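Structure file input.txt; described as compact mmCIF, C-alpha atoms.
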```txt
# COMPACT_ATOMS: atom_id res chain seq x y z
CA MET A 253 -5.10 3.92 -20.89
CA ASP A 254 -8.23 3.66 -18.74
CA THR A 255 -10.50 6.12 -20.53
CA GLN A 256 -9.92 5.38 -24.18
CA ALA A 257 -9.61 2.43 -26.48
CA VAL A 258 -9.01 2.24 -30.18
CA GLN A 259 -11.72 0.29 -31.97
CA ALA A 260 -11.81 -0.03 -35.76
CA GLY A 261 -9.85 3.17 -36.24
CA ARG A 262 -12.06 5.16 -33.83
CA THR A 263 -11.26 6.42 -30.35
CA MET A 264 -13.82 5.24 -27.81
CA ALA A 265 -14.14 6.79 -24.34
CA ARG A 266 -14.74 4.13 -21.72
CA GLY A 267 -17.28 4.71 -18.97
CA GLY A 268 -18.26 2.74 -15.91
CA LYS A 269 -17.31 5.02 -13.02
CA SER A 270 -18.28 8.37 -11.56
CA VAL A 271 -14.94 10.21 -11.43
CA PHE A 272 -12.13 10.09 -13.99
CA GLY A 273 -8.50 11.17 -13.90
CA ALA A 274 -7.86 10.43 -10.21
CA PRO A 275 -5.90 7.16 -9.98
CA LEU A 276 -5.53 7.09 -6.19
CA GLY A 277 -8.10 6.69 -3.43
CA VAL A 278 -7.01 7.56 0.13
CA LEU A 279 -8.76 6.19 3.21
CA MET A 280 -8.41 8.99 5.78
CA LEU A 281 -8.55 8.84 9.55
CA GLU A 282 -10.99 11.26 11.16
CA THR A 283 -8.71 14.09 12.30
CA ARG A 284 -8.55 17.86 12.75
CA PHE A 285 -4.81 18.53 12.97
CA ALA A 286 -2.97 20.58 10.36
CA ARG A 287 -1.70 18.72 7.31
CA ILE A 288 1.16 20.53 5.58
CA PRO A 289 2.46 19.84 2.04
CA GLY A 290 4.09 16.42 2.04
CA ASP A 291 1.44 15.03 4.38
CA ILE A 292 -0.77 12.40 2.72
CA GLY A 293 -3.87 14.42 3.60
CA ASN A 294 -2.69 17.56 1.82
CA ALA A 295 -3.78 17.26 -1.82
CA GLU A 296 -0.88 19.47 -2.93
CA THR A 297 1.46 16.62 -2.00
CA TRP A 298 0.54 14.65 -5.11
CA PRO A 299 1.46 15.23 -8.78
CA PHE A 300 -1.91 13.74 -9.77
CA PRO A 301 -5.51 14.14 -8.55
CA VAL A 302 -6.59 11.95 -5.63
CA LEU A 303 -9.91 10.90 -4.10
CA TYR A 304 -10.31 11.11 -0.32
CA ARG A 305 -12.75 9.36 1.97
CA VAL A 306 -12.80 10.01 5.75
CA VAL A 307 -13.67 6.91 7.76
CA LYS A 308 -15.95 8.13 10.53
CA GLY A 309 -14.89 7.02 13.99
CA ALA A 310 -11.37 6.11 12.88
CA SER A 311 -9.51 8.42 15.24
CA PRO A 312 -5.72 8.22 15.52
CA GLU A 313 -6.08 7.11 19.12
CA ARG A 314 -8.36 4.23 18.12
CA VAL A 315 -6.30 3.15 15.11
CA VAL A 316 -2.81 3.52 16.60
CA LEU A 317 -3.25 2.89 20.32
CA ARG A 318 -6.11 0.36 20.08
CA ALA A 319 -5.10 -1.53 16.89
CA ALA A 320 -8.12 -0.22 14.92
CA GLU A 321 -10.44 -2.49 16.90
CA GLY A 322 -13.90 -2.80 15.36
CA LEU A 323 -13.05 -0.60 12.37
CA GLN A 324 -12.36 -3.14 9.65
CA PRO A 325 -15.92 -3.16 8.20
CA LEU A 326 -15.88 0.63 7.96
CA PHE A 327 -12.57 0.61 6.07
CA LEU A 328 -13.80 -2.09 3.69
CA GLU A 329 -16.94 -0.09 2.94
CA ALA A 330 -15.01 3.14 2.40
CA ALA A 331 -12.48 1.43 0.12
CA GLU A 332 -15.28 -0.07 -1.94
CA GLU A 333 -16.86 3.37 -2.34
CA LEU A 334 -13.58 4.90 -3.54
CA VAL A 335 -13.23 2.18 -6.18
CA ARG A 336 -16.83 2.76 -7.32
CA LEU A 337 -16.03 6.45 -7.68
CA GLY A 338 -13.07 5.68 -9.92
CA ALA A 339 -9.96 5.00 -7.85
CA GLY A 340 -7.61 2.54 -9.51
CA ALA A 341 -5.58 1.95 -6.33
CA ILE A 342 -6.12 2.43 -2.60
CA THR A 343 -3.89 3.62 0.22
CA THR A 344 -4.51 4.87 3.75
CA SER A 345 -3.47 7.76 5.95
CA CYS A 346 -1.97 5.59 8.70
CA GLY A 347 0.84 3.06 8.54
CA PHE A 348 -0.73 1.08 11.41
CA LEU A 349 -3.48 0.02 9.00
CA SER A 350 -1.08 -2.59 7.64
CA LEU A 351 -3.25 -4.86 9.80
CA PHE A 352 -5.99 -4.58 7.16
CA GLN A 353 -3.80 -5.03 4.07
CA ARG A 354 -5.01 -8.49 3.04
CA GLU A 355 -8.64 -7.82 3.84
CA ILE A 356 -8.91 -4.55 1.92
CA ALA A 357 -7.03 -5.93 -1.10
CA ALA A 358 -9.29 -8.97 -1.22
CA HIS A 359 -12.40 -6.83 -0.86
CA VAL A 360 -11.87 -4.22 -3.57
CA GLY A 361 -9.96 -6.09 -6.28
CA VAL A 362 -7.60 -3.22 -7.16
CA PRO A 363 -4.00 -2.63 -6.02
CA VAL A 364 -3.89 -1.72 -2.32
CA ALA A 365 -0.98 -0.32 -0.31
CA THR A 366 -2.20 0.31 3.21
CA SER A 367 1.13 1.16 4.80
CA SER A 368 4.58 2.46 3.97
CA LEU A 369 5.86 -0.53 5.95
CA MET A 370 5.26 -2.55 2.77
CA GLN A 371 8.51 -1.07 1.44
CA ILE A 372 10.66 -2.78 4.05
CA PRO A 373 11.31 -6.01 2.08
CA PHE A 374 12.31 -4.34 -1.16
CA VAL A 375 14.36 -1.61 0.53
CA GLN A 376 16.13 -4.41 2.41
CA ALA A 377 16.97 -6.03 -0.92
CA THR A 378 18.89 -2.90 -1.93
CA LEU A 379 21.19 -2.90 1.09
CA PRO A 380 24.61 -4.52 1.40
CA PRO A 381 25.12 -7.52 3.69
CA GLY A 382 25.02 -6.65 7.37
CA ARG A 383 22.75 -3.64 6.93
CA ARG A 384 19.05 -3.52 7.86
CA VAL A 385 16.00 -1.37 7.34
CA GLY A 386 14.86 0.60 10.38
CA VAL A 387 11.53 2.31 11.01
CA VAL A 388 10.59 5.64 12.53
CA THR A 389 7.03 5.52 13.84
CA VAL A 390 4.68 7.88 15.61
CA SER A 391 4.22 5.36 18.44
CA ALA A 392 6.87 2.77 19.23
CA ALA A 393 4.76 1.37 22.06
CA SER A 394 1.95 0.52 19.61
CA LEU A 395 3.95 -0.98 16.74
CA THR A 396 3.85 -4.77 17.04
CA PRO A 397 5.18 -7.82 15.18
CA ALA A 398 1.66 -8.20 13.75
CA HIS A 399 1.97 -4.89 11.90
CA PHE A 400 5.19 -6.07 10.24
CA ARG A 401 3.93 -9.59 9.60
CA ALA A 402 0.84 -8.28 7.79
CA VAL A 403 3.01 -6.77 5.04
CA GLY A 404 5.71 -9.43 4.86
CA ALA A 405 8.33 -7.47 6.80
CA PRO A 406 10.63 -9.05 9.40
CA GLU A 407 8.96 -9.06 12.80
CA ASP A 408 12.19 -8.01 14.49
CA THR A 409 12.61 -4.86 12.37
CA PRO A 410 14.22 -2.19 14.60
CA PHE A 411 12.21 0.98 15.19
CA ALA A 412 11.98 4.17 17.24
CA GLY A 413 9.02 6.42 18.02
CA THR A 414 8.15 10.04 18.71
CA GLU A 415 6.33 9.56 22.03
CA ASN A 416 9.07 11.32 23.99
CA GLY A 417 8.90 14.42 21.81
CA VAL A 418 7.05 17.61 22.62
CA GLU A 419 4.83 18.11 19.54
CA PHE A 420 4.39 15.37 16.95
CA PHE A 421 2.79 12.63 19.07
CA ARG A 422 0.92 15.20 21.16
CA VAL A 423 -0.85 16.72 18.14
CA LEU A 424 -1.37 13.63 16.00
CA ILE A 425 -2.34 11.02 18.57
CA THR A 426 -3.61 12.69 21.73
CA GLY A 427 -5.45 15.44 19.83
CA GLU A 428 -4.60 18.08 22.41
CA LYS A 429 -4.71 20.77 19.71
CA ASP A 430 -5.34 21.21 15.99
CA ASP A 431 -2.44 23.52 15.17
CA LEU A 432 1.02 22.12 14.54
CA ASP A 433 4.34 23.73 15.39
CA VAL A 434 6.22 22.48 12.33
CA ALA A 435 9.71 23.15 13.71
CA LEU A 436 8.98 21.22 16.91
CA ALA A 437 7.38 18.38 14.95
CA ALA A 438 10.46 18.18 12.72
CA ARG A 439 12.70 18.04 15.77
CA ASP A 440 10.70 15.14 17.20
CA VAL A 441 11.01 13.13 13.98
CA LEU A 442 14.72 13.83 13.64
CA GLU A 443 15.37 12.88 17.26
CA ALA A 444 13.54 9.60 16.77
CA GLY A 445 15.65 8.90 13.67
CA ARG A 446 18.88 9.70 15.47
CA ASP A 447 17.83 7.49 18.37
CA LEU A 448 17.14 4.64 15.94
CA VAL A 449 20.56 4.72 14.31
CA ARG A 450 22.29 5.28 17.65
CA ARG A 451 20.72 2.15 19.14
CA HIS A 452 20.93 0.17 15.88
CA PRO A 453 24.10 1.14 13.99
CA GLU A 454 23.39 -1.64 11.50
CA VAL A 455 20.49 0.38 10.05
CA GLY A 456 21.26 1.25 6.42
CA ALA A 457 17.95 2.84 5.38
CA ILE A 458 14.85 4.19 7.12
CA VAL A 459 11.18 3.75 6.36
CA LEU A 460 8.81 6.30 7.92
CA GLU A 461 5.70 4.50 9.16
CA CYS A 462 3.66 7.64 9.69
CA THR A 463 2.01 9.29 6.69
CA ASN A 464 2.44 12.70 8.34
CA MET A 465 6.24 12.38 8.32
CA PRO A 466 7.17 12.92 4.63
CA PRO A 467 7.59 16.70 5.14
CA TYR A 468 10.58 15.87 7.34
CA ALA A 469 12.09 13.04 5.26
CA ALA A 470 14.71 15.17 3.50
CA ALA A 471 15.91 16.71 6.76
CA LEU A 472 16.13 13.27 8.37
CA ALA A 473 18.08 11.83 5.43
CA GLU A 474 20.57 14.67 5.75
CA ALA A 475 20.79 14.34 9.53
CA VAL A 476 21.56 10.61 9.60
CA GLY A 477 23.18 10.22 6.18
CA LEU A 478 20.86 7.40 5.08
CA PRO A 479 18.16 6.87 2.44
CA VAL A 480 14.67 7.59 3.78
CA TYR A 481 11.44 6.17 2.35
CA ASP A 482 7.86 7.09 3.21
CA ILE A 483 4.27 6.82 2.03
CA THR A 484 4.93 9.19 -0.89
CA THR A 485 7.69 6.98 -2.31
CA LEU A 486 5.37 3.97 -2.04
CA VAL A 487 2.37 5.67 -3.62
CA ARG A 488 4.34 7.19 -6.50
CA TRP A 489 5.67 3.72 -7.31
CA LEU A 490 2.17 2.25 -7.03
CA CYS A 491 0.60 4.81 -9.34
CA ALA A 492 3.48 4.59 -11.84
CA GLY A 493 2.21 1.10 -12.61
CA LEU A 494 -1.31 2.39 -13.18
CA ARG A 495 -0.05 5.08 -15.53
CA PRO A 496 3.18 3.94 -17.19
CA THR A 497 5.12 6.63 -18.99
CA SER A 498 4.27 6.70 -22.70
CA TYR A 499 7.34 7.24 -24.87
CA PRO A 500 7.32 8.16 -28.57
CA PRO A 501 8.45 5.38 -30.90
CA PRO A 502 12.01 5.56 -32.20
CA PRO A 503 12.42 7.31 -35.57
CA GLY A 504 11.27 5.11 -38.41
CA CYS A 505 9.42 2.72 -36.10
CA THR A 506 5.66 2.27 -36.39
CA MET A 507 3.91 1.04 -33.22
CA LEU A 508 0.30 0.02 -33.14
CA ALA A 509 -1.90 0.62 -30.11
CA GLY A 510 -2.28 -2.52 -28.02
CA THR A 511 0.91 -4.18 -29.28
```
Would you put the structure from the file into structure tokens?
Amino acid sequence: MDTQAVQAGRTMARGGKSVFGAPLGVLMLETRFARIPGDIGNAETWPFPVLYRVVKGASPERVVLRAAEGLQPLFLEAAEELVRLGAGAITTSCGFLSLFQREIAAHVGVPVATSSLMQIPFVQATLPPGRRVGVVTVSAASLTPAHFRAVGAPEDTPFAGTENGVEFFRVLITGEKDDLDVALAARDVLEAGRDLVRRHPEVGAIVLECTNMPPYAAALAEAVGLPVYDITTLVRWLCAGLRPTSYPPPPGCTMLAGT
């Protein structure tokens, strides 16, 4: 309970920040492409209010294809501002920002989940022997062992990308246009997922690196017959810890606040 505390039988409202009721702060790349429901940058995706901050100069091309070179100070500053506003946790709009996981977490002092790739170790723990987690990414050519290492995932995690598609990579990374053909984008993501499991039949679950891919997660899960995890599954878990469900006490049981 971040806004109230019980003191001597009275309810006190706690201050100390500018915005209340929005547990999540999202560090956004500077983009113009369409963000449909399910995308991290569409506020309707979330069951709770969120705070957004666009990091100027952080284009998808610079973050994905050039490993976010020179951008770390800007992300640290933006994360700090979100926490000052009232965010209780921080995430980002690009899975490739796993490279900044340790630095952002150390800088802001609140829970930070920069990338859906962070789910790889605990999804792996759910799988039977002989099965592995695989990744679908927007750019297979840009995803390196360093991105996995930064979040404690195996460096040899198998993955497949959307570069050979006709829409998803073209809109998100090259910025050729702002509008998105959703059906073509879905086809690109599904083809990448099918390619992944075709080349790596040991894959038992998929993590979507890209925060623009959740709108297609259900279709991919159906197409390949495997569990699919993405940035929304990570963030919902993260925020569940900030706001645990409050249950009424059992009949006849008296529970005191703070016990």
Restrict the calculation to only C-alpha atoms, then for each residue of range 313-383 of chain A with any atom at most 10 Å from an atom of range 272-296 of chain A give the closest atom pair and their distance in Å to one decimal, rows by chain and rising residue number, as JSON lines.
```
{"residue": "A:Arg314", "atom": "CA", "partner": "A:Leu281", "partner_atom": "CA", "distance": 9.7}
{"residue": "A:Val315", "atom": "CA", "partner": "A:Leu281", "partner_atom": "CA", "distance": 8.3}
{"residue": "A:Phe327", "atom": "CA", "partner": "A:Leu279", "partner_atom": "CA", "distance": 7.3}
{"residue": "A:Leu328", "atom": "CA", "partner": "A:Leu279", "partner_atom": "CA", "distance": 9.7}
{"residue": "A:Ala330", "atom": "CA", "partner": "A:Leu279", "partner_atom": "CA", "distance": 7.0}
{"residue": "A:Ala331", "atom": "CA", "partner": "A:Leu279", "partner_atom": "CA", "distance": 6.8}
{"residue": "A:Glu332", "atom": "CA", "partner": "A:Gly277", "partner_atom": "CA", "distance": 10.0}
{"residue": "A:Glu333", "atom": "CA", "partner": "A:Gly277", "partner_atom": "CA", "distance": 9.4}
{"residue": "A:Leu334", "atom": "CA", "partner": "A:Gly277", "partner_atom": "CA", "distance": 5.8}
{"residue": "A:Val335", "atom": "CA", "partner": "A:Gly277", "partner_atom": "CA", "distance": 7.4}
{"residue": "A:Leu337", "atom": "CA", "partner": "A:Phe272", "partner_atom": "CA", "distance": 8.3}
{"residue": "A:Gly338", "atom": "CA", "partner": "A:Phe272", "partner_atom": "CA", "distance": 6.1}
{"residue": "A:Ala339", "atom": "CA", "partner": "A:Pro275", "partner_atom": "CA", "distance": 5.1}
{"residue": "A:Gly340", "atom": "CA", "partner": "A:Pro275", "partner_atom": "CA", "distance": 4.9}
{"residue": "A:Ala341", "atom": "CA", "partner": "A:Leu276", "partner_atom": "CA", "distance": 5.1}
{"residue": "A:Ile342", "atom": "CA", "partner": "A:Gly277", "partner_atom": "CA", "distance": 4.8}
{"residue": "A:Thr343", "atom": "CA", "partner": "A:Val278", "partner_atom": "CA", "distance": 5.0}
{"residue": "A:Thr344", "atom": "CA", "partner": "A:Leu279", "partner_atom": "CA", "distance": 4.5}
{"residue": "A:Ser345", "atom": "CA", "partner": "A:Met280", "partner_atom": "CA", "distance": 5.1}
{"residue": "A:Cys346", "atom": "CA", "partner": "A:Leu281", "partner_atom": "CA", "distance": 7.4}
{"residue": "A:Leu349", "atom": "CA", "partner": "A:Leu279", "partner_atom": "CA", "distance": 10.0}
{"residue": "A:Pro363", "atom": "CA", "partner": "A:Leu276", "partner_atom": "CA", "distance": 9.8}
{"residue": "A:Val364", "atom": "CA", "partner": "A:Gly277", "partner_atom": "CA", "distance": 9.5}
{"residue": "A:Ala365", "atom": "CA", "partner": "A:Val278", "partner_atom": "CA", "distance": 9.9}
{"residue": "A:Thr366", "atom": "CA", "partner": "A:Leu279", "partner_atom": "CA", "distance": 8.8}
```
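Across the structure, CA of Pro299 in chain A and CA of Leu442 in chain A are spaced 26.1 Å apart.
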Could you check how far CA of Gln376 in chain A sits from CA of Pro479 in chain A, in Å to one decimal?
11.5 Å
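We find CA of Gln371 in chain A and CA of Lys308 in chain A to be spaced 27.7 Å apart.
The closest residue to Val302 in chain A, picked from A:His359, A:Val271, A:Lys429, A:Asn416 and counting all atoms listed in the file, is A:Val271.
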Distance query Arg450 in chain A at most 12 Å, only C-alpha atoms, self and fewer than 4 positions along chain excluded, as a PyMOL selection string:
chain A and resi 386+410-412+443-446+454-456+476
Restricting it to C-alpha atoms, dump the selection as an mmCIF file, in the coordinates of the input.
```cif
data_model
loop_
_atom_site.group_PDB
_atom_site.id
_atom_site.type_symbol
_atom_site.label_atom_id
_atom_site.label_comp_id
_atom_site.auth_asym_id
_atom_site.auth_seq_id
_atom_site.Cartn_x
_atom_site.Cartn_y
_atom_site.Cartn_z
ATOM 1 C CA GLY A 386 14.860 0.600 10.380
ATOM 2 C CA PRO A 410 14.220 -2.190 14.600
ATOM 3 C CA PHE A 411 12.210 0.980 15.190
ATOM 4 C CA ALA A 412 11.980 4.170 17.240
ATOM 5 C CA GLU A 443 15.370 12.880 17.260
ATOM 6 C CA ALA A 444 13.540 9.600 16.770
ATOM 7 C CA GLY A 445 15.650 8.900 13.670
ATOM 8 C CA ARG A 446 18.880 9.700 15.470
ATOM 9 C CA GLU A 454 23.390 -1.640 11.500
ATOM 10 C CA VAL A 455 20.490 0.380 10.050
ATOM 11 C CA GLY A 456 21.260 1.250 6.420
ATOM 12 C CA VAL A 476 21.560 10.610 9.600
#
```
Determine, counting only C-alpha atoms, which protein, DNA and RNA residues have an atom within 10 Å of an atom of Ala470 in chain A; residues of the same chain fewer than 3 positions away are not included. Present the result as a VMD selection string.
chain A and resid 466 to 467 473 to 475 479 to 481
Point out the residue among A:Met370, A:Leu395, A:Ala377, A:Val403 with the least atom-to-atom distance to Val459 in chain A, counting all atoms listed in the file.
A:Met370
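Using only C-alpha atoms, the smallest distance between any of A:Leu472, A:Ala310, A:Val362, A:Ala320 and Leu490 in chain A comes from A:Val362.
Residue nearest Val449 in chain A within the list A:Val434, A:Cys491, A:Val387, A:Ala393: A:Val387 [criterion: smallest interatomic distance, all atoms listed in the file].
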Step by step: start from the point (1.8, 7.2, 1.8) in the file's coordinates, keep every protein, DNA or RNA residue that has an atom no farther than 6 Å from it, count only C-alpha atoms, and write the set as a PyMOL selection string.
chain A and resi 292+368+463+483-484+487
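Among the candidate residues A:Val441, A:Val423, A:Leu436, A:Ala457, the one lying nearest to Pro380 in chain A is A:Ala457, with distances computed using only C-alpha atoms.
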Residues within 9 Å of (6.2, 15.7, 19.4), counting only C-alpha atoms, listed as a count of residues only
18
